$ cat structure20.cif   # mmCIF, C-alpha atoms
data_structure
loop_
_atom_site.label_atom_id
_atom_site.label_comp_id
_atom_site.auth_asym_id
_atom_site.auth_seq_id
_atom_site.Cartn_x
_atom_site.Cartn_y
_atom_site.Cartn_z
CA MET K 30 103.91 161.62 -38.63
CA ARG K 31 103.23 160.98 -34.97
CA ILE K 32 105.95 159.22 -32.98
CA ALA K 33 105.72 157.96 -29.40
CA PHE K 34 108.66 157.92 -26.99
CA ALA K 35 108.91 155.89 -23.76
CA SER K 36 110.21 158.59 -21.44
CA LYS K 37 110.91 159.56 -17.85
CA GLY K 38 109.35 163.00 -18.40
CA ASP K 39 106.91 164.98 -20.54
CA ASN K 40 108.89 167.03 -23.07
CA ARG K 41 111.72 167.04 -25.63
CA GLU K 42 114.36 167.49 -22.93
CA SER K 43 113.17 164.44 -20.97
CA MET K 44 115.33 161.33 -20.95
CA LEU K 45 114.10 158.11 -22.50
CA ASP K 46 113.21 155.45 -19.93
CA GLU K 47 115.25 152.25 -20.07
CA ARG K 48 112.02 150.34 -19.53
CA PHE K 49 109.04 150.48 -21.85
CA GLY K 50 106.17 148.91 -19.88
CA ARG K 51 107.08 150.76 -16.72
CA ALA K 52 108.17 154.03 -18.30
CA ALA K 53 106.74 157.00 -16.40
CA ARG K 54 105.24 158.73 -19.44
CA ILE K 55 104.67 158.31 -23.16
CA VAL K 56 105.68 161.46 -25.07
CA VAL K 57 104.09 161.92 -28.50
CA VAL K 58 105.68 164.25 -31.06
CA ASP K 59 103.87 165.29 -34.22
CA THR K 60 106.72 165.83 -36.67
CA ASP K 61 104.55 167.84 -39.08
CA SER K 62 103.18 170.37 -36.61
CA GLY K 63 105.98 170.08 -34.06
CA THR K 64 103.49 169.71 -31.19
CA VAL K 65 104.47 167.66 -28.16
CA GLU K 66 101.99 165.96 -25.85
CA SER K 67 102.48 163.33 -23.19
CA ILE K 68 100.34 160.79 -21.42
CA ASP K 69 100.69 159.18 -18.05
CA ASN K 70 101.92 155.58 -17.97
CA THR K 71 102.21 155.18 -14.20
CA ALA K 72 99.56 152.43 -14.20
CA GLY K 73 102.34 150.33 -15.70
CA ILE K 74 104.79 151.13 -12.93
CA SER K 75 102.58 149.52 -10.29
CA ALA K 76 101.12 146.75 -12.47
CA ALA K 77 101.76 143.29 -11.04
CA GLN K 78 101.87 141.85 -14.51
CA GLY K 79 101.15 142.90 -18.07
CA ALA K 80 102.86 146.30 -17.82
CA GLY K 81 104.38 145.95 -21.30
CA ILE K 82 101.09 144.83 -22.82
CA GLN K 83 99.24 147.76 -21.23
CA ALA K 84 101.80 150.29 -22.40
CA ALA K 85 101.74 148.81 -25.91
CA GLU K 86 97.94 148.98 -25.95
CA ARG K 87 98.15 152.60 -24.80
CA VAL K 88 100.64 153.47 -27.55
CA ALA K 89 98.60 151.63 -30.20
CA ASN K 90 95.49 153.58 -29.21
CA LEU K 91 97.36 156.89 -29.60
CA GLY K 92 97.30 156.38 -33.35
CA VAL K 93 101.05 156.77 -33.75
CA GLU K 94 103.07 155.29 -36.60
CA ALA K 95 106.18 154.54 -34.58
CA LEU K 96 107.46 154.00 -31.06
CA VAL K 97 110.98 154.94 -30.02
CA THR K 98 112.13 153.09 -26.91
CA MET K 99 115.36 151.91 -25.37
CA HIS K 100 114.03 148.36 -25.13
CA CYS K 101 110.92 146.35 -25.93
CA GLY K 102 109.93 142.94 -24.54
CA PRO K 103 108.21 140.10 -26.42
CA LYS K 104 104.59 140.65 -25.33
CA ALA K 105 104.69 144.41 -25.90
CA PHE K 106 106.33 143.83 -29.28
CA ALA K 107 103.61 141.35 -30.27
CA VAL K 108 100.89 143.90 -29.48
CA LEU K 109 102.68 146.73 -31.31
CA LYS K 110 103.33 144.55 -34.34
CA HIS K 111 99.68 143.46 -34.34
CA ALA K 112 98.65 147.12 -34.25
CA GLY K 113 101.06 148.02 -37.06
CA VAL K 114 103.25 150.32 -34.96
CA GLU K 115 106.94 150.39 -35.93
CA VAL K 116 109.35 149.92 -33.02
CA TRP K 117 112.68 151.75 -33.08
CA SER K 118 115.49 151.18 -30.59
CA ALA K 119 117.33 154.19 -29.17
CA PRO K 120 120.32 154.64 -26.84
CA SER K 121 120.08 156.56 -23.57
CA CYS K 122 119.33 160.12 -24.66
CA THR K 123 116.62 162.78 -24.59
CA VAL K 124 113.37 162.65 -26.54
CA GLY K 125 114.64 165.50 -28.75
CA GLU K 126 117.93 163.75 -29.49
CA ALA K 127 116.11 160.49 -30.28
CA LEU K 128 113.76 162.41 -32.58
CA ASP K 129 116.76 163.87 -34.46
CA MET K 130 118.38 160.45 -34.74
CA HIS K 131 115.15 158.98 -36.08
CA ARG K 132 114.87 161.73 -38.70
CA GLU K 133 118.49 161.23 -39.71
CA GLY K 134 118.00 157.46 -40.06
CA ARG K 135 120.42 156.70 -37.20
CA LEU K 136 118.06 154.46 -35.18
CA ALA K 137 117.64 150.73 -35.68
CA ARG K 138 114.19 149.38 -36.35
CA LEU K 139 113.41 146.28 -34.28
CA SER K 140 112.09 143.21 -36.07
CA GLU K 141 111.60 141.39 -32.77
CA ALA K 142 111.84 142.01 -29.03
CA ASP K 143 115.36 142.96 -27.93
CA VAL K 144 114.97 141.90 -24.29
CA ASP K 145 113.40 138.92 -22.54
CA THR K 146 110.09 138.96 -20.70
CA HIS K 147 110.26 140.58 -17.21
CA TRP K 148 113.54 142.17 -18.20
CA MET J 10 96.50 110.67 21.42
CA ASN J 11 95.97 110.21 17.74
CA GLY J 12 95.53 112.62 14.85
CA GLY J 13 92.13 113.68 16.14
CA GLY J 14 89.82 113.30 13.18
CA SER J 15 89.35 115.65 10.32
CA PHE J 16 91.02 119.04 10.21
CA THR J 17 93.26 120.96 7.87
CA VAL J 18 96.49 122.63 8.89
CA ALA J 19 98.43 124.78 6.46
CA VAL J 20 102.20 125.11 6.92
CA ALA J 21 103.29 128.50 5.60
CA SER J 22 105.96 131.17 5.98
CA GLY J 23 106.73 134.61 4.72
CA LYS J 24 110.38 133.92 3.96
CA GLY J 25 111.35 130.94 1.83
CA GLY J 26 113.72 128.29 3.14
CA THR J 27 112.64 128.49 6.78
CA GLY J 28 111.58 124.85 7.02
CA LYS J 29 107.96 124.57 5.82
CA THR J 30 108.55 121.26 4.10
CA THR J 31 110.61 119.95 7.01
CA VAL J 32 107.77 120.74 9.41
CA ALA J 33 105.09 119.45 7.03
CA VAL J 34 106.67 116.05 6.30
CA ASN J 35 107.75 115.39 9.88
CA LEU J 36 104.37 116.44 11.24
CA ALA J 37 102.66 114.20 8.68
CA ARG J 38 104.77 111.23 9.77
CA SER J 39 104.00 112.01 13.42
CA MET J 40 100.22 112.13 13.10
CA GLY J 41 99.72 108.54 14.21
CA THR J 42 96.80 108.14 11.82
CA ARG J 43 96.29 108.15 8.09
CA VAL J 44 96.90 111.66 6.82
CA THR J 45 96.89 113.45 3.49
CA LEU J 46 99.81 115.75 2.79
CA LEU J 47 99.14 118.24 0.01
CA ASP J 48 102.29 119.72 -1.52
CA CYS J 49 100.88 123.03 -2.76
CA ASP J 50 104.32 124.59 -3.30
CA VAL J 51 103.66 123.86 -6.96
CA GLU J 52 106.58 125.88 -8.33
CA GLU J 53 109.03 123.79 -6.35
CA PRO J 54 107.34 120.76 -4.78
CA ASN J 55 109.82 118.84 -2.65
CA CYS J 56 107.90 116.71 -0.14
CA THR J 57 108.70 113.79 -2.46
CA LEU J 58 112.36 114.15 -1.45
CA PHE J 59 111.46 113.01 2.06
CA LEU J 60 108.47 110.73 1.57
CA TYR J 61 108.91 107.96 -0.94
CA GLY J 62 106.20 106.02 -2.67
CA GLY J 63 105.52 105.16 -6.25
CA ILE J 64 103.30 107.58 -8.15
CA ILE J 65 99.91 105.95 -8.35
CA THR J 66 98.09 108.50 -10.45
CA THR J 67 99.05 111.57 -12.45
CA ARG J 68 96.39 113.94 -13.67
CA GLU J 69 96.78 116.93 -15.96
CA VAL J 70 95.36 120.25 -14.78
CA GLY J 71 94.49 123.12 -17.08
CA ILE J 72 92.69 126.43 -17.03
CA PRO J 73 90.19 127.67 -19.61
CA VAL J 74 91.78 130.29 -21.86
CA PRO J 75 90.02 132.32 -24.56
CA GLU J 76 89.97 131.38 -28.21
CA VAL J 77 88.74 134.06 -30.62
CA ASP J 78 86.71 133.37 -33.73
CA GLU J 79 87.99 136.23 -35.89
CA SER J 80 85.09 135.87 -38.33
CA LEU J 81 82.71 136.90 -35.54
CA CYS J 82 84.93 139.56 -33.90
CA ASP J 83 84.22 143.21 -34.73
CA ALA J 84 87.19 144.51 -32.67
CA CYS J 85 84.97 146.35 -30.17
CA GLY J 86 87.58 145.84 -27.44
CA GLU J 87 85.17 144.88 -24.65
CA CYS J 88 87.27 141.79 -23.81
CA SER J 89 90.42 143.86 -23.59
CA ARG J 90 88.80 146.47 -21.34
CA PHE J 91 87.43 143.76 -19.06
CA CYS J 92 90.63 141.76 -18.55
CA ALA J 93 92.49 143.07 -15.49
CA TYR J 94 95.53 140.97 -16.36
CA LYS J 95 95.86 141.99 -20.01
CA ALA J 96 95.71 138.38 -21.15
CA ILE J 97 93.54 139.47 -24.06
CA VAL J 98 94.29 142.72 -25.89
CA SER J 99 92.43 144.39 -28.69
CA VAL J 100 94.09 147.19 -30.64
CA GLY J 101 91.60 148.00 -33.36
CA SER J 102 91.50 144.46 -34.70
CA ALA J 103 90.76 140.92 -33.52
CA PRO J 104 92.34 140.54 -30.08
CA LEU J 105 95.67 138.96 -29.23
CA VAL J 106 95.61 136.31 -26.49
CA PHE J 107 98.45 135.75 -24.04
CA PRO J 108 97.54 132.37 -22.46
CA GLY J 109 100.32 132.64 -19.87
CA MET J 110 98.74 135.77 -18.39
CA CYS J 111 95.22 134.31 -18.25
CA HIS J 112 93.68 133.53 -14.84
CA GLY J 113 90.91 131.49 -16.49
CA CYS J 114 88.02 133.58 -15.15
CA GLY J 115 86.00 133.40 -18.36
CA GLY J 116 85.01 137.08 -18.15
CA CYS J 117 86.11 137.91 -21.70
CA ALA J 118 83.77 135.29 -23.16
CA LEU J 119 80.91 136.63 -21.03
CA VAL J 120 81.33 140.28 -22.02
CA CYS J 121 81.87 139.63 -25.74
CA PRO J 122 78.70 141.00 -27.41
CA ARG J 123 79.29 138.97 -30.57
CA GLY J 124 79.87 135.59 -28.95
CA ALA J 125 83.24 135.44 -30.69
CA ILE J 126 85.12 134.08 -27.68
CA SER J 127 85.00 130.47 -26.58
CA GLU J 128 87.21 128.77 -24.03
CA LYS J 129 89.64 125.92 -24.48
CA GLU J 130 91.55 124.06 -21.81
CA SER J 131 95.23 124.97 -21.57
CA ARG J 132 97.50 122.76 -19.47
CA ILE J 133 99.35 124.40 -16.55
CA GLY J 134 100.66 121.36 -14.69
CA THR J 135 99.96 118.01 -13.05
CA VAL J 136 98.72 116.56 -9.79
CA GLU J 137 100.45 113.36 -8.66
CA ARG J 138 99.28 111.04 -5.90
CA SER J 139 101.50 108.57 -4.10
CA GLU J 140 101.13 106.39 -1.01
CA CYS J 141 103.97 106.63 1.50
CA GLY J 142 103.01 104.42 4.44
CA SER J 143 100.44 106.27 6.56
CA VAL J 144 100.82 109.39 4.40
CA THR J 145 99.00 109.96 1.14
CA LEU J 146 101.11 112.52 -0.66
CA VAL J 147 99.50 114.70 -3.32
CA THR J 148 101.96 116.83 -5.28
CA GLY J 149 101.10 119.74 -7.55
CA ARG J 150 103.72 120.37 -10.22
CA LEU J 151 103.45 123.57 -12.26
CA ASP J 152 104.82 123.25 -15.79
CA VAL J 153 108.06 125.14 -16.42
CA GLY J 154 107.34 128.61 -17.77
CA MET J 155 103.82 128.79 -16.35
CA ALA J 156 103.05 131.68 -14.03
CA MET J 157 99.56 130.80 -12.85
CA ALA J 158 99.96 128.79 -9.64
CA PRO J 159 96.61 129.37 -7.81
CA PRO J 160 94.41 127.20 -10.08
CA LEU J 161 96.84 124.31 -9.64
CA VAL J 162 96.98 124.90 -5.87
CA ARG J 163 93.18 124.64 -5.81
CA ALA J 164 93.29 121.43 -7.86
CA VAL J 165 95.70 119.89 -5.33
CA LYS J 166 93.43 120.93 -2.46
CA GLU J 167 90.49 119.14 -4.07
CA CYS J 168 92.37 115.91 -3.26
CA SER J 169 91.92 116.22 0.51
CA ARG J 170 89.85 113.40 1.96
CA ALA J 171 86.91 113.68 4.32
CA GLY J 172 87.43 112.18 7.77
CA GLU J 173 91.20 112.36 7.53
CA PRO J 174 93.56 115.06 8.75
CA CYS J 175 95.10 117.14 6.01
CA ILE J 176 98.42 118.98 6.05
CA ILE J 177 99.18 121.57 3.38
CA ASP J 178 102.75 122.52 2.46
CA CYS J 179 102.23 126.07 1.19
CA PRO J 180 104.22 128.16 -1.28
CA PRO J 181 106.46 130.73 0.43
CA GLY J 182 105.58 134.41 0.54
CA THR J 183 102.26 136.13 1.04
CA SER J 184 101.00 136.50 -2.53
CA CYS J 185 98.16 134.76 -4.39
CA PRO J 186 99.58 131.19 -4.39
CA MET J 187 100.05 131.28 -0.60
CA ILE J 188 96.58 132.74 -0.03
CA ALA J 189 95.07 130.08 -2.29
CA ALA J 190 96.87 127.42 -0.24
CA ILE J 191 95.84 128.59 3.26
CA ARG J 192 92.24 129.50 2.43
CA GLY J 193 89.78 127.17 4.15
CA ALA J 194 92.38 125.74 6.57
CA ASP J 195 91.45 125.38 10.26
CA MET J 196 94.79 126.77 11.32
CA VAL J 197 98.12 127.91 9.91
CA LEU J 198 101.54 126.96 11.21
CA LEU J 199 103.91 129.80 10.39
CA VAL J 200 107.47 128.54 10.20
CA THR J 201 110.17 131.12 10.74
CA GLU J 202 113.85 131.36 11.56
CA PRO J 203 115.19 133.70 14.25
CA THR J 204 116.90 136.08 11.81
CA PRO J 205 116.02 139.68 10.88
CA PHE J 206 114.78 138.53 7.46
CA GLY J 207 112.82 135.64 8.98
CA LEU J 208 111.18 137.87 11.58
CA HIS J 209 110.36 140.59 9.05
CA ASP J 210 108.63 138.17 6.70
CA LEU J 211 106.91 136.43 9.60
CA GLY J 212 105.26 139.79 10.28
CA LEU J 213 103.99 139.91 6.68
CA ALA J 214 102.70 136.34 6.93
CA VAL J 215 100.95 137.04 10.25
CA ASN J 216 99.16 139.98 8.63
CA ALA J 217 98.15 137.91 5.59
CA VAL J 218 96.80 135.06 7.71
CA ALA J 219 94.89 137.52 9.93
CA GLU J 220 93.36 139.05 6.80
CA VAL J 221 92.06 135.64 5.74
CA GLY J 222 90.81 135.08 9.30
CA ILE J 223 92.57 131.84 10.24
CA PRO J 224 94.15 131.17 13.66
CA ALA J 225 97.93 130.87 13.51
CA GLY J 226 100.71 129.32 15.57
CA ILE J 227 104.43 129.85 15.13
CA VAL J 228 107.19 127.28 14.71
CA VAL J 229 110.68 128.68 15.16
CA ASN J 230 113.26 126.67 13.27
CA ARG J 231 117.00 126.60 13.95
CA THR J 232 116.86 128.29 17.34
CA GLY J 233 120.11 128.93 19.13
CA PRO J 234 121.93 131.45 21.33
CA GLU J 235 122.54 133.77 18.36
CA GLY J 236 118.90 133.94 17.31
CA LEU J 237 116.50 136.86 17.60
CA ASP J 238 113.70 136.74 20.15
CA VAL J 239 110.75 135.50 18.12
CA GLY J 240 108.87 134.91 21.39
CA ALA J 241 108.66 138.65 22.08
CA PHE J 242 107.16 139.25 18.63
CA ALA J 243 104.73 136.36 19.13
CA LYS J 244 103.61 137.71 22.49
CA GLU J 245 103.14 141.19 21.06
CA ARG J 246 100.95 139.80 18.28
CA GLY J 247 99.13 137.36 20.55
CA ILE J 248 100.18 134.27 18.61
CA PRO J 249 101.44 131.16 20.40
CA VAL J 250 104.86 129.69 19.67
CA LEU J 251 103.98 126.02 19.25
CA LEU J 252 107.47 124.64 18.79
CA GLU J 253 111.11 125.61 18.76
CA ILE J 254 113.33 123.38 16.65
CA PRO J 255 116.97 123.64 17.76
CA ASP J 256 119.74 124.48 15.34
CA ASP J 257 121.43 121.10 15.06
CA ARG J 258 123.98 119.87 12.57
CA ARG J 259 122.37 116.41 12.64
CA ALA J 260 119.16 117.96 11.27
CA ALA J 261 121.03 119.50 8.34
CA GLU J 262 122.78 116.22 7.62
CA ALA J 263 119.57 114.19 7.74
CA TYR J 264 117.85 116.76 5.54
CA SER J 265 120.66 116.59 2.99
CA ARG J 266 120.17 112.81 2.80
CA GLY J 267 116.40 113.16 2.32
CA GLU J 268 115.66 111.65 5.72
CA LEU J 269 112.88 112.56 8.12
CA LEU J 270 114.17 114.23 11.28
CA VAL J 271 111.79 112.15 13.40
CA ASP J 272 113.48 109.00 12.09
CA ALA J 273 117.06 110.24 12.00
CA ILE J 274 117.54 112.02 15.32
CA PRO J 275 116.86 110.30 18.64
CA GLY J 276 114.33 112.24 20.69
CA TRP J 277 112.98 114.35 17.84
CA LYS J 278 109.96 112.12 17.44
CA SER J 279 108.65 113.49 20.73
CA LEU J 280 109.39 117.02 19.52
CA PHE J 281 107.04 116.62 16.57
CA GLU J 282 104.50 114.68 18.63
CA LEU J 283 104.31 117.73 20.85
CA LEU J 284 103.73 119.87 17.78
CA ARG J 285 101.05 117.41 16.68
CA GLU J 286 99.25 117.67 20.03
CA ARG J 287 99.33 121.43 20.02
CA THR J 288 98.33 121.65 16.38
CA VAL J 289 95.42 119.26 16.80
CA ALA J 290 94.26 121.15 19.87
CA MET J 291 94.50 124.49 18.11
CA ALA J 292 92.85 123.28 14.90
CA GLY J 293 90.02 121.86 17.00
CA GLY J 294 89.70 125.07 19.03
CA ARG J 295 90.72 123.19 22.18
CA MET J 296 93.72 125.15 23.34
CA THR J 297 94.06 125.29 27.11
CA ARG J 298 94.99 128.48 28.89
CA GLU J 299 98.32 126.95 29.97
CA PHE J 300 98.94 126.13 26.36
CA ARG J 301 98.22 129.66 25.16
CA GLN J 302 100.44 131.09 27.84
CA GLY J 303 103.23 128.67 26.99
CA ARG J 304 103.09 126.99 30.42
CA ASP J 305 102.38 123.47 29.22
CA ARG J 306 105.17 120.95 29.07
CA ARG J 307 108.17 121.44 26.86
CA PRO J 308 110.14 118.68 25.17
CA GLU J 309 112.91 117.10 27.26
#

$ encode --input "structure20.cif" --output "structure tokens"
Amino acid sequence: MRIAFASKGDNRESMLDERFGRAARIVVVDTDSGTVESIDNTAGISAAQGAGIQAAERVANLGVEALVTMHCGPKAFAVLKHAGVEVWSAPSCTVGEALDMHREGRLARLSEADVDTHW
Amino acid sequence: MNGGGSFTVAVASGKGGTGKTTVAVNLARSMGTRVTLLDCDVEEPNCTLFLYGGIITTREVGIPVPEVDESLCDACGECSRFCAYKAIVSVGSAPLVFPGMCHGCGGCALVCPRGAISEKESRIGTVERSECGSVTLVTGRLDVGMAMAPPLVRAVKECSRAGEPCIIDCPPGTSCPMIAAIRGADMVLLVTEPTPFGLHDLGLAVNAVAEVGIPAGIVVNRTGPEGLDVGAFAKERGIPVLLEIPDDRRAAEAYSRGELLVDAIPGWKSLFELLRERTVAMAGGRMTREFRQGRDRRPE
């Protein structure tokens, strides 16, 4: 399966970003092949509004099954839910560590946004 | 000298809390003619604290937001790609609409190849009108939780009346609501305080006003021996200082009671009449050279 991570960097050693909409990059790991790719999310960093929606749209269009993020706001969550992307909440750690925790069933799946808008 | 016919002066500032409303309401009361005061600070309108009059009319204001007919939508995503504000998002299915993000431009409905998007009015706030002696006060009030101030600012500005001077109390800052408020004005009064923060944000406001191409004058509020030299900045930027309002405890006390300074403090009526004269002259393009150079008379 393909999983997206809201991250400060572009590989397994990169830390997760505490923000989703304004995370620097989205790292995508294919758990079957082990390949890692990343896409730029800096449009969100400078967006006046709608950063979370844009990032969620970007993730949804990547064709991933799940997103692992430290936090997710209400608008981004609505878009991801609409697109059928699972949202999993992770503590501050690296992409690789979050991937291990996800595989071991140690992450919590969000059923709603865990932070307020403009958090 | 009276109000001098029809012109529009916008009272703005970079920093909040410098005295825009104080200047706007006291200037309105000092016009000597009928005047319309437009409270365009729609997120926090407070001219009504100083000018009392029963509300005569209240009108709802809305913006058109998209409504999607899912039976017609083929999830092509054109609407989503068009919307710069991400108010409508398509992720491989019928789009999601976020009304609070929508600027009401109607672009999504225009670009939809299937005609699946129509527009419905969504309320953002109200416009109230009240009569307060010689001042007709029009107040824009944005609903709590709404983020889209400019359409409401424009709705308030539609209430200006031909043949009558118009004063606009602008939202603070230099972003879209402030630009929407000053646009079309004959001149802008930039109210500042002689502090580092006040002076810094005055610089931002001066740049914004210059970008829109409107002449500006400066009002320095709460001047005193401790204050920074706003005059030097004004001279450097070639903008006249039209009035200095002294830092005076009586002003703070009157303000806290919701009183007009021109009524509460002896001698301050002439202070604002001077501002009126200079404002009228500047709005009408009739500034004298003495005036520009700050050599005309000062208040006693």

$ interface_residues --input "structure20.cif" --of "chain J" --to "chain K" --cutoff "8 Å" --atoms "only C-alpha atoms" --output "VMD selection string"
chain J and resid 94 to 96 98 to 102 105 107 110

$ resolve_selection --input "structure20.cif" --expression "the PyMOL selection byres ((chain K and resi 69) around 8)" --output "list in words"
Ala53, Arg54, Ile55, Ser67, Ile68, Asn70, Thr71 and Ala72 of chain K

$ atom_distance --input "structure20.cif" --atom1 "CA of Asp50 (chain J)" --atom2 "CA of Ala33 (chain J)"
11.6 Å

$ atom_distance --input "structure20.cif" --atom1 "CA of Arg138 (chain J)" --atom2 "CA of Asp48 (chain J)"
10.2 Å

$ resolve_selection --input "structure20.cif" --expression "the PyMOL selection byres ((chain K and resi 35-37) around 6)" --output "PDB file with C-alpha atoms, keeping the file's coordinate frame"
ATOM      1  CA  PHE K  34     108.660 157.920 -26.990  1.00  0.00           C
ATOM      2  CA  GLY K  38     109.350 163.000 -18.400  1.00  0.00           C
ATOM      3  CA  MET K  44     115.330 161.330 -20.950  1.00  0.00           C
ATOM      4  CA  LEU K  45     114.100 158.110 -22.500  1.00  0.00           C
ATOM      5  CA  ASP K  46     113.210 155.450 -19.930  1.00  0.00           C
ATOM      6  CA  PHE K  49     109.040 150.480 -21.850  1.00  0.00           C
ATOM      7  CA  ALA K  52     108.170 154.030 -18.300  1.00  0.00           C
ATOM      8  CA  ALA K  53     106.740 157.000 -16.400  1.00  0.00           C
ATOM      9  CA  ARG K  54     105.240 158.730 -19.440  1.00  0.00           C
ATOM     10  CA  ILE K  55     104.670 158.310 -23.160  1.00  0.00           C
ATOM     11  CA  THR K  98     112.130 153.090 -26.910  1.00  0.00           C
TER      12      THR K  98
END

$ resolve_selection --input "structure20.cif" --expression "the PyMOL selection byres ((chain J and resi 282) around 12)" --output "PDB file with C-alpha atoms, keeping the file's coordinate frame"
ATOM      1  CA  MET J  10      96.500 110.670  21.420  1.00  0.00           C
ATOM      2  CA  ASN J  11      95.970 110.210  17.740  1.00  0.00           C
ATOM      3  CA  GLY J  12      95.530 112.620  14.850  1.00  0.00           C
ATOM      4  CA  VAL J  32     107.770 120.740   9.410  1.00  0.00           C
ATOM      5  CA  ASN J  35     107.750 115.390   9.880  1.00  0.00           C
ATOM      6  CA  LEU J  36     104.370 116.440  11.240  1.00  0.00           C
ATOM      7  CA  ALA J  37     102.660 114.200   8.680  1.00  0.00           C
ATOM      8  CA  ARG J  38     104.770 111.230   9.770  1.00  0.00           C
ATOM      9  CA  SER J  39     104.000 112.010  13.420  1.00  0.00           C
ATOM     10  CA  MET J  40     100.220 112.130  13.100  1.00  0.00           C
ATOM     11  CA  GLY J  41      99.720 108.540  14.210  1.00  0.00           C
ATOM     12  CA  LEU J 251     103.980 126.020  19.250  1.00  0.00           C
ATOM     13  CA  LEU J 252     107.470 124.640  18.790  1.00  0.00           C
ATOM     14  CA  VAL J 271     111.790 112.150  13.400  1.00  0.00           C
ATOM     15  CA  GLY J 276     114.330 112.240  20.690  1.00  0.00           C
ATOM     16  CA  TRP J 277     112.980 114.350  17.840  1.00  0.00           C
ATOM     17  CA  LYS J 278     109.960 112.120  17.440  1.00  0.00           C
ATOM     18  CA  SER J 279     108.650 113.490  20.730  1.00  0.00           C
ATOM     19  CA  LEU J 280     109.390 117.020  19.520  1.00  0.00           C
ATOM     20  CA  PHE J 281     107.040 116.620  16.570  1.00  0.00           C
ATOM     21  CA  LEU J 283     104.310 117.730  20.850  1.00  0.00           C
ATOM     22  CA  LEU J 284     103.730 119.870  17.780  1.00  0.00           C
ATOM     23  CA  ARG J 285     101.050 117.410  16.680  1.00  0.00           C
ATOM     24  CA  GLU J 286      99.250 117.670  20.030  1.00  0.00           C
ATOM     25  CA  ARG J 287      99.330 121.430  20.020  1.00  0.00           C
ATOM     26  CA  THR J 288      98.330 121.650  16.380  1.00  0.00           C
ATOM     27  CA  VAL J 289      95.420 119.260  16.800  1.00  0.00           C
ATOM     28  CA  ARG J 307     108.170 121.440  26.860  1.00  0.00           C
ATOM     29  CA  PRO J 308     110.140 118.680  25.170  1.00  0.00           C
TER      30      PRO J 308
END

$ atom_distance --input "structure20.cif" --atom1 "CA of Lys129 (chain J)" --atom2 "CA of Ser89 (chain J)"
18.0 Å

$ residues_near_point --input "structure20.cif" --point "(85.5, 117.8, 12.2)" --cutoff "12 Å" --atoms "all atoms listed in the file" --output "ChimeraX atom specification"
/J:12-17,170-175,194-195,289,292-294

$ residues_around --input "structure20.cif" --residues "Asp61 (chain K)" --least-positions-apart "2" --cutoff "10 Å" --atoms "only C-alpha atoms" --output "MDAnalysis selection string"
chainID K and resid 30:31 58:59 63:64

$ residues_around --input "structure20.cif" --residues "Met155 (chain J)" --least-positions-apart "5" --cutoff "9 Å" --atoms "only C-alpha atoms" --output "list of chain:residue names"
J:Glu52, J:Gly109, J:Met110, J:Ile133, J:Gly134
